[in-house]
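Coordinates as given in target.cif (mmCIF, C-alpha atoms):
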data_coords
loop_
_atom_site.label_atom_id
_atom_site.label_comp_id
_atom_site.auth_asym_id
_atom_site.auth_seq_id
_atom_site.Cartn_x
_atom_site.Cartn_y
_atom_site.Cartn_z
CA MET A 169 17.56 13.31 -17.14
CA PHE A 170 14.71 10.81 -17.31
CA PRO A 171 12.99 8.62 -19.90
CA LYS A 172 9.46 9.77 -20.69
CA ASN A 173 8.19 6.80 -22.67
CA ALA A 174 7.56 4.76 -19.55
CA TRP A 175 5.00 4.21 -16.81
CA TYR A 176 5.68 6.00 -13.53
CA VAL A 177 3.76 5.85 -10.28
CA ALA A 178 2.23 9.31 -9.95
CA CYS A 179 0.03 9.16 -6.85
CA THR A 180 -2.69 7.21 -5.09
CA ARG A 181 -6.39 7.87 -5.53
CA ASN A 182 -6.87 9.06 -1.94
CA GLU A 183 -4.57 12.01 -2.67
CA PHE A 184 -7.28 13.61 -4.83
CA ALA A 185 -10.41 12.28 -3.14
CA ASP A 186 -11.58 15.77 -2.14
CA LYS A 187 -9.94 18.11 -4.65
CA PRO A 188 -7.69 17.98 -7.73
CA LEU A 189 -4.07 17.06 -7.18
CA GLY A 190 -1.29 19.03 -8.85
CA ARG A 191 2.01 17.20 -9.20
CA THR A 192 5.10 17.60 -11.34
CA ILE A 193 6.17 14.37 -13.04
CA CYS A 194 9.37 14.27 -15.13
CA GLY A 195 9.23 18.05 -15.45
CA GLU A 196 5.58 18.02 -16.59
CA GLN A 197 3.03 19.90 -14.46
CA VAL A 198 0.01 17.61 -14.23
CA VAL A 199 -3.34 17.75 -12.44
CA PHE A 200 -5.21 14.57 -11.46
CA PHE A 201 -8.95 14.24 -10.87
CA CYS A 202 -11.84 11.77 -11.28
CA ASP A 203 -14.34 12.07 -14.12
CA ALA A 204 -18.10 11.45 -13.95
CA GLU A 205 -17.57 7.67 -14.23
CA GLY A 206 -15.08 7.68 -11.37
CA GLN A 207 -12.13 7.09 -13.69
CA VAL A 208 -8.84 8.84 -13.06
CA ALA A 209 -7.93 11.60 -15.51
CA ALA A 210 -4.78 13.69 -15.93
CA VAL A 211 -4.25 16.89 -17.91
CA GLU A 212 -1.79 19.76 -17.95
CA ASP A 213 -1.99 21.85 -14.80
CA PHE A 214 -2.46 24.95 -16.95
CA CYS A 215 -5.68 26.78 -17.66
CA PRO A 216 -5.71 27.86 -21.35
CA HIS A 217 -7.54 31.06 -20.42
CA ARG A 218 -4.98 32.84 -18.22
CA GLY A 219 -2.48 30.15 -17.32
CA ALA A 220 -3.68 29.57 -13.76
CA PRO A 221 -3.00 26.14 -12.18
CA LEU A 222 -6.10 24.01 -12.66
CA SER A 223 -5.19 22.14 -9.49
CA LEU A 224 -6.36 25.22 -7.54
CA GLY A 225 -9.87 24.63 -8.84
CA PHE A 226 -12.43 21.90 -8.12
CA VAL A 227 -14.32 19.06 -9.76
CA ARG A 228 -18.00 19.40 -10.68
CA ASP A 229 -19.96 16.66 -12.44
CA GLY A 230 -16.73 14.91 -13.36
CA ARG A 231 -15.17 17.98 -14.99
CA LEU A 232 -12.36 20.18 -13.82
CA VAL A 233 -13.33 23.78 -13.01
CA CYS A 234 -10.61 26.42 -12.95
CA GLY A 235 -10.55 28.23 -9.63
CA TYR A 236 -9.69 31.57 -11.27
CA HIS A 237 -12.50 32.32 -13.76
CA GLY A 238 -14.53 29.13 -13.88
CA LEU A 239 -13.40 27.60 -17.20
CA VAL A 240 -14.64 23.99 -17.27
CA MET A 241 -12.30 21.33 -18.70
CA GLY A 242 -12.96 17.73 -19.77
CA ARG A 243 -10.71 14.73 -19.16
CA ASP A 244 -9.49 15.05 -22.77
CA GLY A 245 -8.16 18.55 -22.08
CA LYS A 246 -10.87 20.26 -24.14
CA PRO A 247 -12.56 23.39 -22.75
CA CYS A 248 -16.26 22.62 -22.23
CA SER A 249 -17.85 25.81 -20.94
CA MET A 250 -17.33 29.05 -19.05
CA PRO A 251 -19.83 31.48 -17.51
CA CYS A 252 -21.12 33.93 -20.19
CA GLN A 253 -18.37 32.88 -22.66
CA ARG A 254 -18.00 30.67 -25.74
CA VAL A 255 -14.94 28.50 -25.28
CA GLN A 256 -15.68 25.28 -27.13
CA GLY A 257 -13.42 26.37 -29.98
CA PHE A 258 -10.39 26.77 -27.73
CA PRO A 259 -7.59 24.28 -28.45
CA ALA A 260 -7.18 21.43 -25.98
CA ILE A 261 -4.43 21.33 -23.45
CA ARG A 262 -2.42 18.15 -23.13
CA SER A 263 -3.97 15.07 -21.55
CA TYR A 264 -1.97 12.09 -20.29
CA PRO A 265 -2.56 8.33 -20.36
CA VAL A 266 -3.20 7.10 -16.82
CA VAL A 267 -3.90 3.64 -15.42
CA GLU A 268 -5.07 2.72 -11.93
CA ARG A 269 -3.45 -0.56 -10.94
CA TYR A 270 -2.11 -2.24 -7.79
CA GLY A 271 -3.39 0.61 -5.64
CA PHE A 272 -1.42 3.27 -7.53
CA VAL A 273 -2.12 5.72 -10.35
CA TRP A 274 0.43 5.25 -13.15
CA ILE A 275 1.12 7.94 -15.73
CA TRP A 276 2.83 8.00 -19.14
CA VAL A 277 4.29 11.43 -19.90
CA GLY A 278 5.83 10.54 -23.27
CA ASP A 279 4.41 9.63 -26.68
CA LYS A 280 0.74 8.66 -26.18
CA ASP A 281 0.85 6.17 -29.03
CA LEU A 282 3.39 4.08 -27.11
CA ALA A 283 1.45 4.01 -23.83
CA ASP A 284 0.59 0.32 -23.59
CA PRO A 285 -0.68 -0.63 -20.09
CA ALA A 286 0.81 -4.10 -20.62
CA LYS A 287 4.21 -2.46 -20.13
CA ILE A 288 3.45 -1.97 -16.41
CA HIS A 289 5.39 -4.86 -14.91
CA HIS A 290 3.31 -7.44 -13.11
CA LEU A 291 3.18 -7.34 -9.30
CA PRO A 292 1.66 -10.70 -8.26
CA TRP A 293 1.82 -9.90 -4.55
CA ALA A 294 -0.50 -6.93 -5.10
CA GLU A 295 -3.24 -9.24 -6.39
CA SER A 296 -2.96 -12.02 -3.81
CA PRO A 297 -4.88 -12.23 -0.52
CA GLU A 298 -1.90 -14.13 0.88
CA TRP A 299 0.09 -10.89 0.91
CA ALA A 300 -0.31 -7.65 2.85
CA TYR A 301 1.12 -4.27 1.87
CA GLY A 302 1.75 -1.07 3.80
CA GLY A 303 3.66 1.97 2.63
CA GLY A 304 3.87 5.70 2.15
CA MET A 305 5.39 8.46 0.04
CA TYR A 306 8.22 10.94 0.60
CA HIS A 307 9.24 13.95 -1.46
CA ILE A 308 13.02 13.76 -1.74
CA ASN A 309 15.26 16.66 -2.72
CA CYS A 310 17.76 14.76 -4.82
CA ASP A 311 18.30 13.34 -8.31
CA TYR A 312 16.14 10.20 -8.59
CA ARG A 313 19.18 8.22 -9.76
CA LEU A 314 20.85 8.74 -6.40
CA MET A 315 17.94 6.86 -4.82
CA ILE A 316 18.41 4.03 -7.32
CA ASP A 317 22.12 3.91 -6.45
CA ASN A 318 21.20 3.80 -2.77
CA LEU A 319 18.77 0.90 -3.18
CA MET A 320 20.99 -1.16 -5.46
CA ASP A 321 23.88 -1.04 -2.96
CA LEU A 322 22.72 -1.93 0.55
CA THR A 323 26.21 -1.66 2.05
CA HIS A 324 25.02 1.65 3.49
CA GLU A 325 22.66 -0.18 5.87
CA THR A 326 25.57 -0.85 8.24
CA TYR A 327 26.01 2.88 8.75
CA VAL A 328 22.80 4.73 7.85
CA HIS A 329 20.50 2.17 9.50
CA ALA A 330 22.74 0.92 12.29
CA THR A 331 19.92 0.63 14.84
CA SER A 332 17.36 -1.17 12.66
CA ILE A 333 18.43 -3.26 9.66
CA GLY A 334 22.18 -2.59 9.61
CA GLN A 335 24.88 -4.97 10.82
CA GLN A 336 28.61 -5.44 10.23
CA GLU A 337 28.11 -8.77 8.47
CA ILE A 338 26.63 -6.96 5.47
CA GLU A 339 30.04 -5.59 4.56
CA GLY A 340 31.62 -9.04 4.71
CA ALA A 341 29.15 -10.52 2.23
CA VAL A 342 30.36 -9.70 -1.28
CA PRO A 343 27.44 -8.75 -3.58
CA THR A 344 27.00 -10.18 -7.07
CA THR A 345 25.41 -8.27 -9.95
CA LYS A 346 23.97 -9.55 -13.20
CA VAL A 347 21.84 -8.08 -15.99
CA GLU A 348 18.94 -10.00 -17.49
CA GLY A 349 17.51 -8.05 -20.40
CA GLU A 350 16.57 -4.69 -18.85
CA THR A 351 16.53 -6.01 -15.28
CA VAL A 352 19.55 -5.53 -13.02
CA ILE A 353 19.86 -7.96 -10.10
CA THR A 354 22.26 -7.43 -7.21
CA SER A 355 22.29 -10.16 -4.55
CA ARG A 356 23.90 -10.47 -1.15
CA ARG A 357 23.58 -13.45 1.20
CA MET A 358 24.76 -13.86 4.77
CA HIS A 359 24.92 -17.14 6.69
CA GLY A 360 24.83 -17.98 10.39
CA ILE A 361 24.41 -14.41 11.66
CA MET A 362 22.24 -12.93 14.38
CA PRO A 363 19.29 -10.95 13.02
CA PRO A 364 19.41 -7.15 13.39
CA PRO A 365 16.61 -5.43 15.39
CA PHE A 366 14.12 -5.03 12.55
CA TRP A 367 14.41 -8.65 11.47
CA ALA A 368 14.43 -9.95 15.02
CA ALA A 369 11.06 -8.24 15.44
CA ALA A 370 9.85 -9.74 12.14
CA LEU A 371 10.75 -13.21 13.38
CA ARG A 372 8.76 -12.59 16.56
CA TYR A 373 5.82 -11.33 14.52
CA ASN A 374 5.95 -14.63 12.63
CA ASP A 375 6.08 -16.61 15.91
CA LEU A 376 9.71 -17.60 15.39
CA ALA A 377 12.68 -17.43 17.75
CA ASP A 378 14.64 -14.21 17.34
CA ASP A 379 17.76 -15.15 19.34
CA VAL A 380 19.22 -17.87 17.13
CA PRO A 381 21.63 -17.69 14.17
CA CYS A 382 19.96 -16.95 10.86
CA ASP A 383 20.66 -16.82 7.16
CA ARG A 384 19.85 -13.46 5.60
CA TRP A 385 19.36 -12.36 1.99
CA GLN A 386 18.98 -9.15 0.00
CA ILE A 387 18.10 -9.47 -3.69
CA CYS A 388 17.68 -6.08 -5.36
CA ARG A 389 15.97 -5.90 -8.74
CA PHE A 390 15.96 -2.74 -10.84
CA TYR A 391 13.25 -2.40 -13.49
CA PRO A 392 13.17 0.56 -15.86
CA PRO A 393 12.40 3.34 -15.79
CA SER A 394 13.19 3.66 -12.06
CA HIS A 395 11.66 0.95 -9.91
CA VAL A 396 13.50 -1.21 -7.40
CA LEU A 397 11.95 -4.26 -5.74
CA ILE A 398 14.03 -6.01 -3.09
CA ASP A 399 13.52 -9.55 -1.78
CA VAL A 400 14.66 -9.44 1.84
CA GLY A 401 14.38 -11.73 4.82
CA VAL A 402 15.92 -14.04 7.39
CA ALA A 403 15.50 -17.75 8.04
CA HIS A 404 16.72 -19.86 10.90
CA ALA A 405 20.19 -21.05 9.93
CA GLY A 406 20.40 -24.34 8.10
CA LYS A 407 16.78 -24.30 6.93
CA GLY A 408 17.47 -23.27 3.35
CA GLY A 409 17.87 -19.51 3.55
CA TYR A 410 15.92 -17.77 0.80
CA ASP A 411 14.39 -21.12 -0.21
CA ALA A 412 13.41 -22.10 3.35
CA ASP A 413 9.91 -23.25 4.16
CA PRO A 414 7.75 -20.31 5.33
CA ARG A 415 7.57 -21.98 8.76
CA HIS A 416 11.23 -21.13 9.31
CA LYS A 417 11.58 -17.60 7.93
CA ALA A 418 10.32 -14.04 7.86
CA SER A 419 10.56 -12.48 4.43
CA SER A 420 9.08 -9.68 2.40
CA ILE A 421 9.46 -7.50 -0.69
CA VAL A 422 10.62 -3.92 -0.21
CA VAL A 423 8.77 -1.85 -2.78
CA ASP A 424 10.42 1.28 -4.20
CA PHE A 425 8.73 3.29 -6.95
CA ILE A 426 10.92 6.30 -7.73
CA THR A 427 9.31 9.00 -9.86
CA PRO A 428 11.35 12.01 -11.03
CA GLU A 429 9.89 15.44 -10.37
CA THR A 430 12.74 17.66 -11.56
CA GLU A 431 16.44 17.12 -12.17
CA THR A 432 17.12 17.31 -8.42
CA THR A 433 13.85 16.17 -6.81
CA HIS A 434 11.67 13.07 -6.93
CA TRP A 435 8.64 11.34 -5.44
CA TYR A 436 9.51 8.20 -3.51
CA PHE A 437 6.71 5.67 -3.03
CA TRP A 438 7.97 3.14 -0.50
CA GLY A 439 6.41 0.13 1.13
CA MET A 440 6.73 -3.49 2.15
CA ALA A 441 4.74 -6.49 0.98
CA ARG A 442 4.81 -9.55 3.23
CA ASN A 443 3.35 -13.03 3.08
CA PHE A 444 3.15 -13.82 6.78
CA LYS A 445 0.10 -12.91 8.85
CA PRO A 446 -1.38 -10.90 5.95
CA SER A 447 -4.75 -10.47 7.70
CA ASP A 448 -3.26 -8.61 10.68
CA PRO A 449 -3.75 -4.85 10.02
CA GLU A 450 -2.05 -3.86 13.27
CA LEU A 451 1.08 -5.73 12.21
CA THR A 452 0.95 -4.04 8.81
CA GLU A 453 0.86 -0.65 10.52
CA ARG A 454 3.72 -1.48 12.91
CA ILE A 455 5.91 -2.60 10.04
CA ARG A 456 4.91 0.45 7.99
CA GLU A 457 5.87 2.81 10.81
CA GLY A 458 9.21 1.07 11.30
CA GLN A 459 9.98 1.13 7.62
CA GLY A 460 9.00 4.79 7.36
CA LYS A 461 11.63 5.65 9.99
CA ILE A 462 14.26 3.67 8.10
CA PHE A 463 13.54 5.46 4.83
CA SER A 464 13.58 8.85 6.53
CA GLU A 465 17.22 8.11 7.38
CA ASP A 466 17.89 7.55 3.68
CA ARG A 467 16.20 10.85 2.86
CA GLU A 468 18.50 12.88 5.09
CA MET A 469 21.62 11.26 3.66
CA LEU A 470 20.54 11.59 0.02
CA GLU A 471 19.47 15.21 0.31
CA ARG A 472 22.78 16.16 1.90
CA GLN A 473 24.57 14.18 -0.82
CA GLN A 474 22.71 16.15 -3.50
CA ARG A 475 23.74 19.45 -1.91
CA ASN A 476 27.38 18.38 -2.07
CA LEU A 477 27.10 17.25 -5.68
CA SER A 478 25.34 20.46 -6.71
CA ALA A 479 28.00 22.54 -5.00
CA HIS A 480 30.85 20.60 -6.65
CA PRO A 481 29.63 19.46 -10.09
CA GLN A 482 33.18 19.13 -11.38
CA ARG A 483 34.21 16.50 -8.81
CA GLN A 484 34.72 12.96 -10.10
CA LEU A 485 33.27 10.20 -7.91
CA LEU A 486 34.80 6.81 -7.25
CA LYS A 487 33.18 3.65 -8.61
CA LEU A 488 33.72 0.45 -6.65
CA ASN A 489 32.52 -3.12 -7.09
CA ILE A 490 29.66 -2.46 -4.65
CA ASP A 491 28.36 0.20 -7.09
CA ALA A 492 27.83 -2.30 -9.92
CA GLY A 493 24.04 -2.48 -9.52
CA GLY A 494 23.60 1.29 -9.70
CA VAL A 495 26.06 1.60 -12.59
CA GLN A 496 24.20 -1.01 -14.64
CA ALA A 497 20.84 0.59 -13.83
CA ARG A 498 22.11 3.97 -15.03
CA ARG A 499 23.32 2.41 -18.27
CA ILE A 500 19.82 1.10 -18.95
CA ILE A 501 18.34 4.53 -18.17
CA ASP A 502 20.91 6.20 -20.47
CA ARG A 503 20.06 3.81 -23.31
CA ALA A 504 16.35 4.57 -22.92
CA MET A 505 16.99 8.32 -23.07
CA ALA A 506 19.29 7.94 -26.08
CA SER A 507 16.61 5.92 -27.86
CA GLU A 508 14.02 8.62 -27.21
CA ARG A 509 16.34 11.31 -28.52
CA ALA A 510 16.92 9.31 -31.68
CA THR A 511 13.22 8.72 -32.32
CA PRO A 512 11.20 11.86 -33.11
CA PRO A 513 7.79 12.04 -31.36
CA ALA A 514 4.67 11.26 -33.33
CA PRO A 515 3.02 14.32 -34.92
#
Take the structure I supplied and represent it as structure tokens, if you would.
Amino acid sequence: MFPKNAWYVACTRNEFADKPLGRTICGEQVVFFCDAEGQVAAVEDFCPHRGAPLSLGFVRDGRLVCGYHGLVMGRDGKPCSMPCQRVQGFPAIRSYPVVERYGFVWIWVGDKDLADPAKIHHLPWAESPEWAYGGGMYHINCDYRLMIDNLMDLTHETYVHATSIGQQEIEGAVPTTKVEGETVITSRRMHGIMPPPFWAAALRYNDLADDVPCDRWQICRFYPPSHVLIDVGVAHAGKGGYDADPRHKASSIVVDFITPETETTHWYFWGMARNFKPSDPELTERIREGQGKIFSEDREMLERQQRNLSAHPQRQLLKLNIDAGGVQARRIIDRAMASERATPPAP
């Protein structure tokens, strides 16, 4: 169902600031905590003594203490100590490579020997003071690939998001899809249209008129294993559209990190990075709240879709030209899984 030799966004550090965090990633039960040096660690959420979840314990002196009988575990998964017991000879449980980067904790649940941090694709906006980012996380009860389909075909905005970012002109703009290596790019451009409510507000935030015709763009980029970054925005018509001078447009990058939990559930880390008024925290929060409402509409649709698909697994679904981005993304995912099946894990 999901490639394992890949970096996934697992969580943010503030999620385990006070106690260990248990989370299932690609079917693996993992617990996250900070060691004595303040570095993030991840091991199996399974105490080797009696099988209790280590995430129900606590951290002491940078080590994970089981909340059942007090077995102390190191970041390498090795038992360190236990009251009145000798446990140093116990075999280690599994530990996972983790990297803290761009404000997220990334995890590799596959072959450790292949876990090269350089494989985390570069996010230049996350390192620049000229950009601001606000976002959140939802737990979604559907196959993670349905979310990828949803984000690679924004035709649904006309219907699912009719009061915010949707408009009829989206349907009239035929999308184009191309594949560059392992990146799938689906683009849609609209010219001389009035901005929908969300983008009208964005123009106002950027001190631009919101009641004049605009050119609008949506450029969706899928990166394996399951990330979608979308260049979106509007510019006053005739100023160059996507390439317009920043004085004439409001644009941003919609950030979508989609991390499988099980075959029918996933963790959805959503957000928006913008390069206008980046030092305005109140604006960041207003945009974050608005975007959170938009993505909650996606959640309802996708979860109901999953229920239908689970109830009727034999039904064949239609594939149209608007589905090209999702279809190509799934092919890349399928190739990655086939490659993993063909390559035995290191001993």
- Distance in Å - CA of Ala260 (chain A) versus CA of Asp279 (chain A):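 Those two atoms sit 16.6 Å apart.
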- Task: Do a neighbour search on Glu429 (chain A) at 12 Å with all atoms listed in the file, toss out local chain neighbours closer than 4 positions, and write the hits as a VMD selection string.
- Result: chain A and resid 169 to 170 172 176 to 178 190 to 198 277 306 to 313 433 to 436
- Task: Please evaluate the PyMOL selection byres ((chain A and resi 202) around 9) against the displayed coordinates and give the resulting residues as JSON, numbers by chain.
- Result: {"A": [181, 184, 185, 188, 200, 201, 203, 204, 205, 206, 207, 208, 209, 210, 227, 230, 231, 232, 243]}
- Task: Give me the residues within 12 Å of His324 (chain A) as a list in words, counting all atoms listed in the file and dropping any in the same chain fewer than 4 places off.
- Result: Asp317, Asn318, Leu319, Met320, Val328, His329, Ala330, Ile333, Gly334, Gln335, Gln336, Glu337, Ile338, Glu339, Ile462, Glu465, Asp466, Met469, Leu470, Ile490 and Asp491 of chain A
- Message: Running the PyMOL selection byres ((chain A and resi 249) around 12) on this model by hand, what would come out? Give it as number ranges by chain.
- Response: A: 217, 231-234, 237-242, 246-248, 250-258
Write out, as a short mmCIF file (atom, residue, chain, number, x, y, z; two decimals), in the frame of the given file, the residues just selected, with C-alpha atoms.
data_model
loop_
_atom_site.label_atom_id
_atom_site.label_comp_id
_atom_site.auth_asym_id
_atom_site.auth_seq_id
_atom_site.Cartn_x
_atom_site.Cartn_y
_atom_site.Cartn_z
CA HIS A 217 -7.54 31.06 -20.42
CA ARG A 231 -15.17 17.98 -14.99
CA LEU A 232 -12.36 20.18 -13.82
CA VAL A 233 -13.33 23.78 -13.01
CA CYS A 234 -10.61 26.42 -12.95
CA HIS A 237 -12.50 32.32 -13.76
CA GLY A 238 -14.53 29.13 -13.88
CA LEU A 239 -13.40 27.60 -17.20
CA VAL A 240 -14.64 23.99 -17.27
CA MET A 241 -12.30 21.33 -18.70
CA GLY A 242 -12.96 17.73 -19.77
CA LYS A 246 -10.87 20.26 -24.14
CA PRO A 247 -12.56 23.39 -22.75
CA CYS A 248 -16.26 22.62 -22.23
CA MET A 250 -17.33 29.05 -19.05
CA PRO A 251 -19.83 31.48 -17.51
CA CYS A 252 -21.12 33.93 -20.19
CA GLN A 253 -18.37 32.88 -22.66
CA ARG A 254 -18.00 30.67 -25.74
CA VAL A 255 -14.94 28.50 -25.28
CA GLN A 256 -15.68 25.28 -27.13
CA GLY A 257 -13.42 26.37 -29.98
CA PHE A 258 -10.39 26.77 -27.73
#
- Task: For the point (4.2, -4.3, -21.1) in the file's frame, write as a PyMOL selection string all residues with an atom no more than 12 Å away, counting all atoms listed in the file.
- Result: chain A and resi 173-175+282-290+391-392
- Message: As an exercise, work out the distance from CA of Ala300 (chain A) to CA of Ile455 (chain A) in Å and give it to one decimal place.
- Response: 10.8 Å
- Message: Between CA of Pro221 (chain A) and CA of Thr180 (chain A), what distance in Å does the model show, to one decimal?
- Response: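 Here the two named atoms are 20.2 Å from each other.
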- Task: I would like the residues chosen by the PyMOL selection byres ((chain A and resi 445) around 12) on the shown file; could you give them as a PyMOL selection string?
- Result: chain A and resi 297-301+370-375+414-415+418-420+441-444+446-452+455
- Choose the residue, out of A:Gln459, A:Ser355, A:Asn182, A:Ser296, that has the smallest atom-to-atom separation from Arg384 (chain A); count all atoms listed in the file.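 With all atoms listed in the file as the atom set, the closest residue is A:Ser355.
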- Message: Env of Ala368 (chain A): 8 Å cut, atoms = all atoms listed in the file, seq-sep filter 5 positions within chain, self excluded. Answer as a ChimeraX atom specification.
- Response: /A:363,378-379
List the neighbours of region 393-398 of chain A out to 7 Å using only C-alpha atoms; skip same-chain residues closer than 5 positions along the sequence, and give me the result as a tab-separated table (two decimals) with C-alpha atoms, keeping the file's coordinate frame.
chain	number	residue	atom	x	y	z
A	171	PRO	CA	12.99	8.62	-19.90
A	174	ALA	CA	7.56	4.76	-19.55
A	386	GLN	CA	18.98	-9.15	0.00
A	387	ILE	CA	18.10	-9.47	-3.69
A	388	CYS	CA	17.68	-6.08	-5.36
A	421	ILE	CA	9.46	-7.50	-0.69
A	422	VAL	CA	10.62	-3.92	-0.21
A	423	VAL	CA	8.77	-1.85	-2.78
A	424	ASP	CA	10.42	1.28	-4.20
A	425	PHE	CA	8.73	3.29	-6.95
A	426	ILE	CA	10.92	6.30	-7.73
A	427	THR	CA	9.31	9.00	-9.86
A	501	ILE	CA	18.34	4.53	-18.17
- Message: Taking 3 positions as the minimum chain separation for residues in the same chain, which residues sit within 9 Å of Ala492 (chain A) when counting only C-alpha atoms? Answer as a list of chain:residue names.
- Response: A:Met320, A:Asp321, A:Thr344, A:Thr345, A:Lys346, A:Thr354, A:Lys487, A:Leu488, A:Asn489, A:Val495, A:Gln496, A:Ala497
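Proximity to Thr432 (chain A) was assessed for A:Thr323, A:Gln482, A:Ser263, A:Gln473 counting all atoms listed in the file; the smallest distance is recorded for A:Gln473.
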Kindly write N, CA and C atoms of region 276-288 of chain A from the structure just given to a file, as a PDB file, in the first residue's frame.
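And here is the file that came out, decode.pdb:
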ATOM      1  N   TRP A 276      12.026   7.594   8.492  1.00  0.00           N
ATOM      2  CA  TRP A 276      12.269   6.576   7.457  1.00  0.00           C
ATOM      3  C   TRP A 276      11.932   5.232   8.088  1.00  0.00           C
ATOM      4  N   VAL A 277      10.897   4.569   7.582  1.00  0.00           N
ATOM      5  CA  VAL A 277      10.449   3.316   8.193  1.00  0.00           C
ATOM      6  C   VAL A 277      10.945   2.087   7.440  1.00  0.00           C
ATOM      7  N   GLY A 278      11.752   2.304   6.397  1.00  0.00           N
ATOM      8  CA  GLY A 278      12.249   1.179   5.612  1.00  0.00           C
ATOM      9  C   GLY A 278      13.654   0.760   6.014  1.00  0.00           C
ATOM     10  N   ASP A 279      14.451   0.379   5.031  1.00  0.00           N
ATOM     11  CA  ASP A 279      15.815  -0.097   5.240  1.00  0.00           C
ATOM     12  C   ASP A 279      16.682   1.054   5.757  1.00  0.00           C
ATOM     13  N   LYS A 280      17.225   0.911   6.965  1.00  0.00           N
ATOM     14  CA  LYS A 280      18.029   1.980   7.565  1.00  0.00           C
ATOM     15  C   LYS A 280      19.218   2.373   6.707  1.00  0.00           C
ATOM     16  N   ASP A 281      19.804   1.412   6.023  1.00  0.00           N
ATOM     17  CA  ASP A 281      21.002   1.692   5.243  1.00  0.00           C
ATOM     18  C   ASP A 281      20.728   2.632   4.073  1.00  0.00           C
ATOM     19  N   LEU A 282      19.478   2.791   3.712  1.00  0.00           N
ATOM     20  CA  LEU A 282      19.115   3.651   2.584  1.00  0.00           C
ATOM     21  C   LEU A 282      18.637   5.028   3.031  1.00  0.00           C
ATOM     22  N   ALA A 283      18.624   5.264   4.332  1.00  0.00           N
ATOM     23  CA  ALA A 283      18.028   6.492   4.878  1.00  0.00           C
ATOM     24  C   ALA A 283      18.994   7.671   4.785  1.00  0.00           C
ATOM     25  N   ASP A 284      19.101   8.242   3.617  1.00  0.00           N
ATOM     26  CA  ASP A 284      19.966   9.396   3.380  1.00  0.00           C
ATOM     27  C   ASP A 284      19.151  10.679   3.545  1.00  0.00           C
ATOM     28  N   PRO A 285      19.483  11.541   4.524  1.00  0.00           N
ATOM     29  CA  PRO A 285      18.723  12.785   4.704  1.00  0.00           C
ATOM     30  C   PRO A 285      18.719  13.679   3.476  1.00  0.00           C
ATOM     31  N   ALA A 286      19.697  13.521   2.584  1.00  0.00           N
ATOM     32  CA  ALA A 286      19.729  14.323   1.361  1.00  0.00           C
ATOM     33  C   ALA A 286      18.543  14.021   0.455  1.00  0.00           C
ATOM     34  N   LYS A 287      17.850  12.903   0.710  1.00  0.00           N
ATOM     35  CA  LYS A 287      16.687  12.545  -0.101  1.00  0.00           C
ATOM     36  C   LYS A 287      15.435  13.318   0.299  1.00  0.00           C
ATOM     37  N   ILE A 288      15.489  14.070   1.395  1.00  0.00           N
ATOM     38  CA  ILE A 288      14.369  14.956   1.745  1.00  0.00           C
ATOM     39  C   ILE A 288      14.417  16.127   0.774  1.00  0.00           C
TER      40      ILE A 288
END
